[in-house]
Structures are given as structure tokens and as C-alpha cells.
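Colleague: What follows is final_8.pdb, PDB, C-alpha atoms.
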ATOM      1  CA  MET A   1      -2.001  83.971 -30.002
ATOM      2  CA  SER A   2      -5.109  85.953 -30.885
ATOM      3  CA  SER A   3      -8.510  84.292 -31.005
ATOM      4  CA  THR A   4     -10.302  83.422 -34.220
ATOM      5  CA  PHE A   5     -12.697  86.299 -33.636
ATOM      6  CA  GLU A   6      -9.858  88.775 -33.119
ATOM      7  CA  GLN A   7      -8.205  87.682 -36.356
ATOM      8  CA  VAL A   8     -11.455  87.803 -38.299
ATOM      9  CA  ALA A   9     -12.393  91.189 -36.878
ATOM     10  CA  ALA A  10      -8.982  92.552 -37.831
ATOM     11  CA  ILE A  11      -9.399  91.227 -41.378
ATOM     12  CA  ILE A  12     -12.873  92.763 -41.681
ATOM     13  CA  SER A  13     -11.710  96.070 -40.282
ATOM     14  CA  GLU A  14      -8.776  96.262 -42.664
ATOM     15  CA  THR A  15     -10.688  95.061 -45.728
ATOM     16  CA  SER A  16     -13.872  97.055 -45.250
ATOM     17  CA  GLU A  17     -12.515 100.058 -43.361
ATOM     18  CA  ILE A  18     -14.883  99.420 -40.466
ATOM     19  CA  PRO A  19     -13.570 100.593 -37.069
ATOM     20  CA  LEU A  20     -12.500  97.563 -35.055
ATOM     21  CA  GLU A  21     -14.576  98.654 -32.047
ATOM     22  CA  GLU A  22     -17.755  98.419 -34.127
ATOM     23  CA  ILE A  23     -17.172  94.740 -34.875
ATOM     24  CA  THR A  24     -18.557  92.374 -32.238
ATOM     25  CA  PRO A  25     -19.150  88.606 -32.104
ATOM     26  CA  GLU A  26     -22.854  89.342 -32.496
ATOM     27  CA  SER A  27     -22.385  91.440 -35.642
ATOM     28  CA  HIS A  28     -24.050  90.202 -38.802
ATOM     29  CA  ALA A  29     -21.513  90.752 -41.562
ATOM     30  CA  ILE A  30     -24.074  91.958 -44.063
ATOM     31  CA  GLU A  31     -26.975  93.385 -42.064
ATOM     32  CA  ASP A  32     -25.012  95.043 -39.241
ATOM     33  CA  LEU A  33     -21.664  95.797 -40.839
ATOM     34  CA  GLY A  34     -22.978  96.475 -44.343
ATOM     35  CA  ILE A  35     -20.303  94.414 -46.043
ATOM     36  CA  ASP A  36     -21.121  93.997 -49.718
ATOM     37  CA  SER A  37     -20.530  90.854 -51.732
ATOM     38  CA  LEU A  38     -17.245  91.969 -53.284
ATOM     39  CA  ASP A  39     -15.762  93.032 -49.963
ATOM     40  CA  PHE A  40     -16.948  89.722 -48.557
ATOM     41  CA  LEU A  41     -14.943  87.916 -51.256
ATOM     42  CA  ASP A  42     -11.866  89.869 -50.163
ATOM     43  CA  ILE A  43     -12.586  88.923 -46.557
ATOM     44  CA  VAL A  44     -12.990  85.236 -47.423
ATOM     45  CA  PHE A  45      -9.752  85.391 -49.428
ATOM     46  CA  ALA A  46      -7.920  86.862 -46.433
ATOM     47  CA  ILE A  47      -9.472  84.308 -44.040
ATOM     48  CA  ASP A  48      -8.578  81.426 -46.384
ATOM     49  CA  LYS A  49      -4.983  82.638 -46.482
ATOM     50  CA  SER A  50      -4.689  83.386 -42.772
ATOM     51  CA  PHE A  51      -6.155  80.092 -41.594
ATOM     52  CA  GLY A  52      -4.990  77.864 -44.446
ATOM     53  CA  ILE A  53      -8.534  76.767 -45.257
ATOM     54  CA  LYS A  54     -11.034  77.082 -48.073
ATOM     55  CA  ILE A  55     -14.315  78.485 -46.828
ATOM     56  CA  PRO A  56     -17.058  76.691 -48.796
ATOM     57  CA  LEU A  57     -18.811  79.928 -49.612
ATOM     58  CA  GLU A  58     -20.773  78.520 -52.528
ATOM     59  CA  THR A  59     -22.091  75.625 -50.445
ATOM     60  CA  TRP A  60     -23.097  77.975 -47.649
ATOM     61  CA  THR A  61     -24.877  80.293 -50.045
ATOM     62  CA  GLU A  62     -26.699  77.370 -51.629
ATOM     63  CA  GLU A  63     -27.792  76.082 -48.225
ATOM     64  CA  VAL A  64     -29.168  79.490 -47.287
ATOM     65  CA  ASN A  65     -30.936  79.857 -50.641
ATOM     66  CA  LYS A  66     -32.521  76.427 -50.256
ATOM     67  CA  GLY A  67     -33.619  77.131 -46.686
ATOM     68  CA  LEU A  68     -31.350  74.424 -45.287
ATOM     69  CA  ALA A  69     -29.564  76.987 -43.119
ATOM     70  CA  THR A  70     -30.091  80.584 -42.124
ATOM     71  CA  ALA A  71     -27.820  83.434 -43.112
ATOM     72  CA  GLU A  72     -27.156  83.915 -39.388
ATOM     73  CA  ASP A  73     -25.605  80.421 -39.263
ATOM     74  CA  TYR A  74     -22.724  81.641 -41.399
ATOM     75  CA  PHE A  75     -22.658  85.412 -41.398
ATOM     76  CA  VAL A  76     -22.989  86.328 -37.723
ATOM     77  CA  LEU A  77     -19.370  86.556 -36.684
ATOM     78  CA  ASP A  78     -19.369  84.194 -33.699
ATOM     79  CA  LYS A  79     -21.039  81.586 -35.916
ATOM     80  CA  LEU A  80     -18.601  82.316 -38.728
ATOM     81  CA  CYS A  81     -15.709  81.856 -36.311
ATOM     82  CA  GLU A  82     -17.157  78.514 -35.182
ATOM     83  CA  ARG A  83     -17.269  77.399 -38.827
ATOM     84  CA  ILE A  84     -13.668  78.558 -39.307
ATOM     85  CA  ASP A  85     -12.534  76.630 -36.218
ATOM     86  CA  GLU A  86     -14.294  73.529 -37.574
ATOM     87  CA  LEU A  87     -12.558  73.891 -40.936
ATOM     88  CA  VAL A  88      -9.180  74.351 -39.250
ATOM     89  CA  ALA A  89      -9.791  71.296 -37.051
ATOM     90  CA  ALA A  90     -10.864  69.224 -40.072
ATOM     91  CA  LYS A  91      -7.658  70.174 -41.851
ATOM     92  CA  ALA A  92      -5.418  69.035 -38.973
TER
ATOM     93  CA  MET B  93      -4.913  92.140 -80.671
ATOM     94  CA  GLN B  94      -8.296  93.125 -82.050
ATOM     95  CA  LEU B  95      -9.098  95.891 -79.657
ATOM     96  CA  GLU B  96     -12.580  96.583 -81.020
ATOM     97  CA  TYR B  97     -13.562  92.960 -80.400
ATOM     98  CA  PHE B  98     -11.843  92.735 -77.043
ATOM     99  CA  GLN B  99      -9.591  89.984 -78.325
ATOM    100  CA  MET B 100      -6.556  91.018 -76.319
ATOM    101  CA  ILE B 101      -4.536  87.802 -76.457
ATOM    102  CA  ASP B 102      -2.902  86.734 -79.717
ATOM    103  CA  ALA B 103      -1.282  83.507 -78.578
ATOM    104  CA  VAL B 104      -0.494  81.435 -75.527
ATOM    105  CA  ALA B 105       3.223  80.800 -75.204
ATOM    106  CA  GLY B 106       2.909  78.402 -72.301
ATOM    107  CA  PHE B 107       0.493  76.970 -69.758
ATOM    108  CA  ASP B 108       1.826  75.210 -66.682
ATOM    109  CA  ARG B 109      -0.939  73.363 -64.831
ATOM    110  CA  ALA B 110       1.289  72.336 -61.918
ATOM    111  CA  GLY B 111       2.802  75.775 -61.597
ATOM    112  CA  GLN B 112      -0.604  77.435 -62.168
ATOM    113  CA  THR B 113       0.825  79.977 -64.586
ATOM    114  CA  ILE B 114       0.211  81.116 -68.141
ATOM    115  CA  ASP B 115       2.376  83.080 -70.557
ATOM    116  CA  ALA B 116       0.776  84.848 -73.489
ATOM    117  CA  ARG B 117       1.720  87.198 -76.300
ATOM    118  CA  ALA B 118      -0.020  90.088 -77.974
ATOM    119  CA  THR B 119       0.936  92.831 -80.365
ATOM    120  CA  VAL B 120      -0.719  96.204 -80.079
ATOM    121  CA  PRO B 121      -2.106  97.017 -83.537
ATOM    122  CA  MET B 122      -0.623  99.918 -85.462
ATOM    123  CA  GLU B 123      -4.091 101.194 -86.257
ATOM    124  CA  SER B 124      -7.400 101.030 -84.404
ATOM    125  CA  PRO B 125     -10.413 103.324 -84.033
ATOM    126  CA  ILE B 126      -9.519 103.411 -80.360
ATOM    127  CA  PHE B 127      -6.388 105.393 -81.179
ATOM    128  CA  GLU B 128      -8.467 107.957 -83.000
ATOM    129  CA  GLY B 129      -9.782 109.016 -79.638
ATOM    130  CA  HIS B 130      -6.948 107.977 -77.327
ATOM    131  CA  PHE B 131      -5.421 110.332 -78.340
ATOM    132  CA  PRO B 132      -5.838 112.186 -81.637
ATOM    133  CA  GLY B 133      -2.350 112.461 -83.129
ATOM    134  CA  HIS B 134      -0.792 110.797 -80.099
ATOM    135  CA  PRO B 135      -1.910 107.131 -79.943
ATOM    136  CA  ILE B 136      -1.465 105.389 -76.602
ATOM    137  CA  MET B 137      -2.852 102.048 -75.503
ATOM    138  CA  PRO B 138      -5.564 102.826 -72.908
ATOM    139  CA  GLY B 139      -4.626 101.660 -69.436
ATOM    140  CA  VAL B 140      -8.000 100.006 -68.969
ATOM    141  CA  LEU B 141      -7.236  97.802 -71.971
ATOM    142  CA  LEU B 142      -3.933  96.784 -70.420
ATOM    143  CA  ILE B 143      -5.899  95.798 -67.311
ATOM    144  CA  GLU B 144      -8.304  93.906 -69.605
ATOM    145  CA  THR B 145      -5.354  92.171 -71.261
ATOM    146  CA  MET B 146      -4.077  90.979 -67.875
ATOM    147  CA  ALA B 147      -7.626  89.941 -66.969
ATOM    148  CA  GLN B 148      -8.009  87.899 -70.138
ATOM    149  CA  ALA B 149      -4.701  86.104 -69.624
ATOM    150  CA  SER B 150      -5.774  85.403 -66.039
ATOM    151  CA  GLY B 151      -9.193  84.295 -67.229
ATOM    152  CA  TYR B 152      -7.731  81.793 -69.666
ATOM    153  CA  LEU B 153      -5.506  80.536 -66.859
ATOM    154  CA  VAL B 154      -8.489  79.961 -64.556
ATOM    155  CA  LEU B 155     -10.447  78.334 -67.399
ATOM    156  CA  ALA B 156      -7.566  76.014 -68.226
ATOM    157  CA  LEU B 157      -7.092  75.041 -64.588
ATOM    158  CA  ASN B 158     -10.788  74.267 -64.098
ATOM    159  CA  ARG B 159     -10.924  72.622 -67.544
ATOM    160  CA  PHE B 160     -13.538  75.040 -68.824
ATOM    161  CA  THR B 161     -16.139  73.959 -66.294
ATOM    162  CA  ARG B 162     -16.722  77.443 -64.862
ATOM    163  CA  MET B 163     -16.402  80.937 -66.263
ATOM    164  CA  PRO B 164     -14.325  83.570 -64.468
ATOM    165  CA  PHE B 165     -15.756  87.098 -64.509
ATOM    166  CA  LEU B 166     -13.550  90.009 -63.488
ATOM    167  CA  ALA B 167     -14.760  91.367 -60.149
ATOM    168  CA  GLY B 168     -11.879  93.324 -58.670
ATOM    169  CA  VAL B 169      -8.615  95.044 -59.554
ATOM    170  CA  LYS B 170      -6.101  95.823 -56.852
ATOM    171  CA  GLU B 171      -2.672  97.359 -56.908
ATOM    172  CA  GLY B 172      -3.057  98.109 -60.593
ATOM    173  CA  LYS B 173       0.070  99.903 -61.736
ATOM    174  CA  LEU B 174       0.534 101.342 -65.222
ATOM    175  CA  ARG B 175       4.222 102.047 -65.307
ATOM    176  CA  THR B 176       4.820 103.455 -68.745
ATOM    177  CA  PHE B 177       3.115 104.394 -72.008
ATOM    178  CA  VAL B 178       2.378 101.607 -74.488
ATOM    179  CA  GLU B 179       2.346 102.609 -78.133
ATOM    180  CA  PRO B 180       1.006 100.941 -81.290
ATOM    181  CA  GLY B 181       3.228  98.092 -82.441
ATOM    182  CA  ALA B 182       4.395  97.130 -78.964
ATOM    183  CA  VAL B 183       4.863  93.394 -78.450
ATOM    184  CA  LEU B 184       3.500  92.390 -75.074
ATOM    185  CA  ASP B 185       4.538  89.455 -72.916
ATOM    186  CA  ILE B 186       1.698  88.743 -70.512
ATOM    187  CA  THR B 187       2.101  86.483 -67.494
ATOM    188  CA  ALA B 188      -0.479  85.458 -64.929
ATOM    189  CA  ASN B 189      -0.360  83.104 -61.997
ATOM    190  CA  LEU B 190      -3.047  81.805 -59.691
ATOM    191  CA  VAL B 191      -2.735  83.203 -56.192
ATOM    192  CA  HIS B 192      -5.823  81.581 -54.696
ATOM    193  CA  ASP B 193      -8.537  79.184 -55.783
ATOM    194  CA  GLY B 194     -11.461  80.066 -53.556
ATOM    195  CA  SER B 195     -15.024  78.817 -53.372
ATOM    196  CA  GLY B 196     -16.737  80.718 -56.175
ATOM    197  CA  PHE B 197     -13.829  83.054 -56.742
ATOM    198  CA  ALA B 198     -10.210  83.111 -57.848
ATOM    199  CA  VAL B 199      -7.379  85.575 -57.321
ATOM    200  CA  THR B 200      -4.541  86.032 -59.785
ATOM    201  CA  SER B 201      -1.423  88.125 -60.096
ATOM    202  CA  ALA B 202      -0.675  89.383 -63.596
ATOM    203  CA  ARG B 203       1.900  91.496 -65.343
ATOM    204  CA  ILE B 204       2.864  92.695 -68.803
ATOM    205  CA  ALA B 205       6.353  93.352 -70.088
ATOM    206  CA  THR B 206       7.837  94.326 -73.414
ATOM    207  CA  ALA B 207      11.427  93.507 -74.316
ATOM    208  CA  GLY B 208      11.954  92.546 -70.694
ATOM    209  CA  LYS B 209      10.733  95.869 -69.359
ATOM    210  CA  LYS B 210       7.813  95.766 -66.950
ATOM    211  CA  LEU B 211       4.855  97.782 -68.235
ATOM    212  CA  CYS B 212       2.103  97.076 -65.742
ATOM    213  CA  ASP B 213       0.901  94.663 -63.087
ATOM    214  CA  ALA B 214      -2.149  94.040 -60.937
ATOM    215  CA  SER B 215      -3.865  91.675 -58.547
ATOM    216  CA  LEU B 216      -7.167  90.525 -60.003
ATOM    217  CA  THR B 217     -10.214  88.908 -58.421
ATOM    218  CA  PHE B 218     -12.701  86.858 -60.419
ATOM    219  CA  ARG B 219     -16.060  85.397 -59.588
ATOM    220  CA  THR B 220     -16.195  81.883 -60.988
ATOM    221  CA  MET B 221     -19.652  80.772 -62.064
ATOM    222  CA  ASP B 222     -21.350  78.105 -64.102
ATOM    223  CA  PHE B 223     -21.518  79.072 -67.753
ATOM    224  CA  PRO B 224     -24.833  80.823 -68.331
ATOM    225  CA  LYS B 225     -25.458  78.578 -71.342
ATOM    226  CA  PRO B 226     -23.566  75.797 -73.136
ATOM    227  CA  GLU B 227     -22.952  77.969 -76.180
ATOM    228  CA  PHE B 228     -20.926  80.330 -74.010
ATOM    229  CA  ALA B 229     -18.593  77.499 -72.976
ATOM    230  CA  THR B 230     -18.300  76.382 -76.589
ATOM    231  CA  MET B 231     -17.384  79.901 -77.654
ATOM    232  CA  MET B 232     -14.731  80.185 -74.937
ATOM    233  CA  ARG B 233     -13.205  76.850 -75.934
ATOM    234  CA  ALA B 234     -13.079  78.107 -79.531
ATOM    235  CA  GLN B 235     -11.310  81.255 -78.369
ATOM    236  CA  ALA B 236      -8.849  79.137 -76.420
ATOM    237  CA  GLU B 237      -8.161  77.075 -79.494
ATOM    238  CA  ARG B 238      -7.665  80.248 -81.534
ATOM    239  CA  ILE B 239      -4.878  81.387 -79.223
ATOM    240  CA  GLY B 240      -3.343  77.926 -78.875
ATOM    241  CA  LEU B 241      -4.211  77.241 -75.256
ATOM    242  CA  ASP B 242      -3.560  73.547 -74.720
ATOM    243  CA  TRP B 243      -5.597  72.973 -71.563
ATOM    244  CA  GLU B 244      -6.393  69.279 -71.934
ATOM    245  CA  THR B 245      -2.895  67.976 -71.279
ATOM    246  CA  GLU B 246      -1.571  67.460 -67.786
TER
END
What's the C-alpha cells form of this structure?

Modeller:
Amino acid sequence: MSSTFEQVAAIISETSEIPLEEITPESHAIEDLGIDSLDFLDIVFAIDKSFGIKIPLETWTEEVNKGLATAEDYFVLDKLCERIDELVAAKA
Amino acid sequence: MQLEYFQMIDAVAGFDRAGQTIDARATVPMESPIFEGHFPGHPIMPGVLLIETMAQASGYLVLALNRFTRMPFLAGVKEGKLRTFVEPGAVLDITANLVHDGSGFAVTSARIATAGKKLCDASLTFRTMDFPKPEFATMMRAQAERIGLDWETE
């Protein structure tokens, strides 16, 4: 079974046409990979479906806007994968 | 349909909250300024307006499901297929179903048929946002009432 990162990287690569080898755990989805907001919606949709979760994107965005969290907390891929694993665990 | 006012849905034939689907009807008008340009002497319903028709049916579906608490704005069209020409007078059966209710977005699948023949279909993505002002929500509820969308029942 592939890791969370491998699944997420595959989704990003397919959705945003970014070569898989350019996507690393340290990549920032927006700053490094240049994913725009609409592509990010498609990515979240695919992640929601693949993992059977609902990423609380609005809550995350609000937390970043209010300074309660940094964008890196959610949009650097290893952090994003940690959040996904937490959501999957909470669902079980 | 009042194409010039972007009122693409004439009536809701059914809304199924549990099944997350909506069925709607619309008749393409025999005359419209749009047909004067698309095309002179050969009127055809513009494909973008068929996409808009599917988007509006989907939008009413999302509004009904969230009980008019948030407004869906069309953000993406995928796999849009326009399978045949649609002429003035065509009676359209529009169906949309919710594919995914995300955080701040929704994805629907929509299609239009006439006399049982599939005309077009698409996967649509919407951003769902708070209404920019209360009057906007009031106006959308009035539009829903106009087309007979009964969204308050279970």
C-alpha cells in the first residue's frame, strides 16, 4: 500500500500536470509547486474521495488568515499528509 | 427560459434531499436576441448557455441542500460534452446530482435531455461562500420560489 505522501503526490501530479519527480515532502503546494486555488480545489476533491475524508479547507484558511496557523502548517506536503493521516485516524 | 436575463430554469420537477438530486424543466424560447447572432438565419442554442443551464440546476440543488445558507458560484467545468444541436422550442429535462460536498466547494454531475435523448453533460465545480449581502439571499429564495423549488421540506 502506498504512503499518504505517494498518494497525494500522484494526485497533485495528475491534477496539476506537475512531474512527479518535482514533488517532494518539503514542497509548498502554492509557493514551490505554483498550484492555484482552483487546481487546489480539484486536489482537495481528489484527496477527499481517495481517503474518505473532508479536508476542512475553510477552517484552515481562516486559521491562516487570523494568524492562528501558518500556511506551511497545511500546505507543505509533509504537513498536509500529517493532517490527512489525522483526519483518517479520526474517522476510524 | 429568459435567455437575456439568464433565467435558464423554468420549473423544478423534483428535488430529492436524501438522494441529493434535482430535476428541472426549461423550454428554449422560439425567439431571442441571442438567436439573431447565434446564428443569423440558423438559430442554435449556444453551448455555453447549455453549460449555464446545467450550472443553474446544480446551483439550485446546492442551495436547496444547504438550505440557502451559502451561495454556490461556478468555478470549474470538466468533461463538458455538447452532443447535438439544440434549436428554439426544444423542451429540456435537466438533472443534477451532488457528487461531493467539500469544505467551501461542491462538485455536481449534470445532464440535459430532450424527449429522452441526451443533449449534453458535464461535471461542475462550485465555490460555496457566504452570501455577499442578505438581499442576495432573498433574491435567490425568490428565484427558487418562482421555479417551484420546495427546499424546506425534508

Colleague: Can you check which parts of chain A lie within 12 Å of chain B? Per residue, the shortest pair of atoms and distance in Å to one decimal, counting only C-alpha atoms, sorted by chain and number, as JSON lines.

Modeller:
{"residue": "A:Ser37", "atom": "CA", "partner": "B:Ala167", "partner_atom": "CA", "distance": 10.2}
{"residue": "A:Leu38", "atom": "CA", "partner": "B:Ala167", "partner_atom": "CA", "distance": 7.3}
{"residue": "A:Asp39", "atom": "CA", "partner": "B:Gly168", "partner_atom": "CA", "distance": 9.5}
{"residue": "A:Phe40", "atom": "CA", "partner": "B:Phe197", "partner_atom": "CA", "distance": 11.0}
{"residue": "A:Leu41", "atom": "CA", "partner": "B:Phe197", "partner_atom": "CA", "distance": 7.4}
{"residue": "A:Asp42", "atom": "CA", "partner": "B:Thr217", "partner_atom": "CA", "distance": 8.5}
{"residue": "A:Ile43", "atom": "CA", "partner": "B:Gly194", "partner_atom": "CA", "distance": 11.3}
{"residue": "A:Val44", "atom": "CA", "partner": "B:Gly194", "partner_atom": "CA", "distance": 8.2}
{"residue": "A:Phe45", "atom": "CA", "partner": "B:Gly194", "partner_atom": "CA", "distance": 7.0}
{"residue": "A:Ala46", "atom": "CA", "partner": "B:His192", "partner_atom": "CA", "distance": 10.0}
{"residue": "A:Ile47", "atom": "CA", "partner": "B:Gly194", "partner_atom": "CA", "distance": 10.6}
{"residue": "A:Asp48", "atom": "CA", "partner": "B:Gly194", "partner_atom": "CA", "distance": 7.8}
{"residue": "A:Lys49", "atom": "CA", "partner": "B:His192", "partner_atom": "CA", "distance": 8.3}
{"residue": "A:Gly52", "atom": "CA", "partner": "B:His192", "partner_atom": "CA", "distance": 10.9}
{"residue": "A:Ile53", "atom": "CA", "partner": "B:Gly194", "partner_atom": "CA", "distance": 9.4}
{"residue": "A:Lys54", "atom": "CA", "partner": "B:Gly194", "partner_atom": "CA", "distance": 6.3}
{"residue": "A:Ile55", "atom": "CA", "partner": "B:Ser195", "partner_atom": "CA", "distance": 6.6}
{"residue": "A:Pro56", "atom": "CA", "partner": "B:Ser195", "partner_atom": "CA", "distance": 5.4}
{"residue": "A:Leu57", "atom": "CA", "partner": "B:Ser195", "partner_atom": "CA", "distance": 5.5}
{"residue": "A:Glu58", "atom": "CA", "partner": "B:Ser195", "partner_atom": "CA", "distance": 5.8}
{"residue": "A:Thr59", "atom": "CA", "partner": "B:Ser195", "partner_atom": "CA", "distance": 8.3}
{"residue": "A:Trp60", "atom": "CA", "partner": "B:Ser195", "partner_atom": "CA", "distance": 9.9}
{"residue": "A:Thr61", "atom": "CA", "partner": "B:Gly196", "partner_atom": "CA", "distance": 10.2}
{"residue": "A:Glu62", "atom": "CA", "partner": "B:Gly196", "partner_atom": "CA", "distance": 11.5}

Colleague: Assuming the chain letters and numbering stay as they are in my file, what does the PyMOL selection byres ((chain A and resi 3) around 12) actually select? List them as a count of residues only.

Modeller: 16

Colleague: Identify all residues satisfying the PyMOL selection byres ((chain A and resi 27-30) around 9) in the given file; provide them as a PDB file with C-alpha atoms, in the coordinates of the input.

Modeller:
ATOM      1  CA  ILE A  12     -12.873  92.763 -41.681  1.00  0.00           C
ATOM      2  CA  GLU A  22     -17.755  98.419 -34.127  1.00  0.00           C
ATOM      3  CA  ILE A  23     -17.172  94.740 -34.875  1.00  0.00           C
ATOM      4  CA  THR A  24     -18.557  92.374 -32.238  1.00  0.00           C
ATOM      5  CA  PRO A  25     -19.150  88.606 -32.104  1.00  0.00           C
ATOM      6  CA  GLU A  26     -22.854  89.342 -32.496  1.00  0.00           C
ATOM      7  CA  GLU A  31     -26.975  93.385 -42.064  1.00  0.00           C
ATOM      8  CA  ASP A  32     -25.012  95.043 -39.241  1.00  0.00           C
ATOM      9  CA  LEU A  33     -21.664  95.797 -40.839  1.00  0.00           C
ATOM     10  CA  GLY A  34     -22.978  96.475 -44.343  1.00  0.00           C
ATOM     11  CA  ILE A  35     -20.303  94.414 -46.043  1.00  0.00           C
ATOM     12  CA  ASP A  36     -21.121  93.997 -49.718  1.00  0.00           C
ATOM     13  CA  SER A  37     -20.530  90.854 -51.732  1.00  0.00           C
ATOM     14  CA  PHE A  40     -16.948  89.722 -48.557  1.00  0.00           C
ATOM     15  CA  ALA A  71     -27.820  83.434 -43.112  1.00  0.00           C
ATOM     16  CA  GLU A  72     -27.156  83.915 -39.388  1.00  0.00           C
ATOM     17  CA  PHE A  75     -22.658  85.412 -41.398  1.00  0.00           C
ATOM     18  CA  VAL A  76     -22.989  86.328 -37.723  1.00  0.00           C
ATOM     19  CA  LEU A  77     -19.370  86.556 -36.684  1.00  0.00           C
ATOM     20  CA  ASP A  78     -19.369  84.194 -33.699  1.00  0.00           C
TER      21      ASP A  78
END

Colleague: Determine, counting only C-alpha atoms, which protein, DNA and RNA residues have an atom within 9 Å of an atom of Phe127 (chain B); residues of the same chain fewer than 4 positions away are not included. Present the result as a VMD selection string.

Modeller: chain B and resid 123 131 to 138 180

Colleague: Which protein, DNA or RNA residues have an atom at most 12 Å from (2.5, 84.4, -80.1), counting all atoms listed in the file? List them as a VMD selection string.

Modeller: chain B and resid 93 100 to 106 115 to 119 183 to 186 238 to 241

Colleague: Could you tell me which residues the PyMOL selection byres ((chain B and resi 95) around 9) returns for this structure, as an NGL selection string?

Modeller: :B and (93-94 or 96-100 or 120-121 or 124-126 or 141)

Colleague: Pick out the residues sitting within 12 Å of Ala236 (chain B), and hand them over as a list of chain:residue names; count all atoms listed in the file, and ignore anything fewer than 6 positions along from it in its own chain.

Modeller: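 With the cut-off at 12 Å, the set is B:Gln99, B:Ile101, B:Asp102, B:Ala103, B:Val104, B:Phe107, B:Ala116, B:Gln148, B:Ala149, B:Gly151, B:Tyr152, B:Leu153, B:Val154, B:Leu155, B:Ala156, B:Arg159, B:Phe160, B:Ala229, B:Thr230, B:Asp242, B:Trp243, B:Glu244.
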
Colleague: Keeping only C-alpha atoms, write the selected residues as a JSON list (two decimals), in the frame of the given file.

Modeller:
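Produced file selection-v3.json, reproduced below:
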[["chain", "number", "residue", "atom", "x", "y", "z"],
["B", 99, "GLN", "CA", -9.59, 89.98, -78.32],
["B", 101, "ILE", "CA", -4.54, 87.80, -76.46],
["B", 102, "ASP", "CA", -2.90, 86.73, -79.72],
["B", 103, "ALA", "CA", -1.28, 83.51, -78.58],
["B", 104, "VAL", "CA", -0.49, 81.44, -75.53],
["B", 107, "PHE", "CA", 0.49, 76.97, -69.76],
["B", 116, "ALA", "CA", 0.78, 84.85, -73.49],
["B", 148, "GLN", "CA", -8.01, 87.90, -70.14],
["B", 149, "ALA", "CA", -4.70, 86.10, -69.62],
["B", 151, "GLY", "CA", -9.19, 84.30, -67.23],
["B", 152, "TYR", "CA", -7.73, 81.79, -69.67],
["B", 153, "LEU", "CA", -5.51, 80.54, -66.86],
["B", 154, "VAL", "CA", -8.49, 79.96, -64.56],
["B", 155, "LEU", "CA", -10.45, 78.33, -67.40],
["B", 156, "ALA", "CA", -7.57, 76.01, -68.23],
["B", 159, "ARG", "CA", -10.92, 72.62, -67.54],
["B", 160, "PHE", "CA", -13.54, 75.04, -68.82],
["B", 229, "ALA", "CA", -18.59, 77.50, -72.98],
["B", 230, "THR", "CA", -18.30, 76.38, -76.59],
["B", 242, "ASP", "CA", -3.56, 73.55, -74.72],
["B", 243, "TRP", "CA", -5.60, 72.97, -71.56],
["B", 244, "GLU", "CA", -6.39, 69.28, -71.93]]

Colleague: CA of Glu227 (chain B) and CA of Ala110 (chain B), how far apart in Å?

Modeller: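 So the two atoms, CA of Ala110 (chain B) and CA of Glu227 (chain B), lie 28.7 Å apart.
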
Colleague: Quick check, in Å to one decimal: how far apart do CA of Ala182 (chain B) and CA of Ser201 (chain B) lie?

Modeller: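 We find that CA of Ala182 (chain B) and CA of Ser201 (chain B) lie 21.7 Å from each other.
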
Colleague: Quote the spacing between CA of Met146 (chain B) and CA of Leu211 (chain B) in Å to one decimal place.

Modeller: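 Separation between CA of Met146 (chain B) and CA of Leu211 (chain B): 11.2 Å.
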
Colleague: Within 6 Å of (-14.4, 85.6, -64.1), in the coordinates the file gives, what residues turn up when you count only C-alpha atoms, written out as a PDB file with C-alpha atoms, keeping the file's coordinate frame?

Modeller:
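Final file, result-v8.pdb:
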ATOM      1  CA  MET B 163     -16.402  80.937 -66.263  1.00  0.00           C
ATOM      2  CA  PRO B 164     -14.325  83.570 -64.468  1.00  0.00           C
ATOM      3  CA  PHE B 165     -15.756  87.098 -64.509  1.00  0.00           C
ATOM      4  CA  LEU B 166     -13.550  90.009 -63.488  1.00  0.00           C
ATOM      5  CA  PHE B 218     -12.701  86.858 -60.419  1.00  0.00           C
ATOM      6  CA  ARG B 219     -16.060  85.397 -59.588  1.00  0.00           C
ATOM      7  CA  THR B 220     -16.195  81.883 -60.988  1.00  0.00           C
TER       8      THR B 220
END
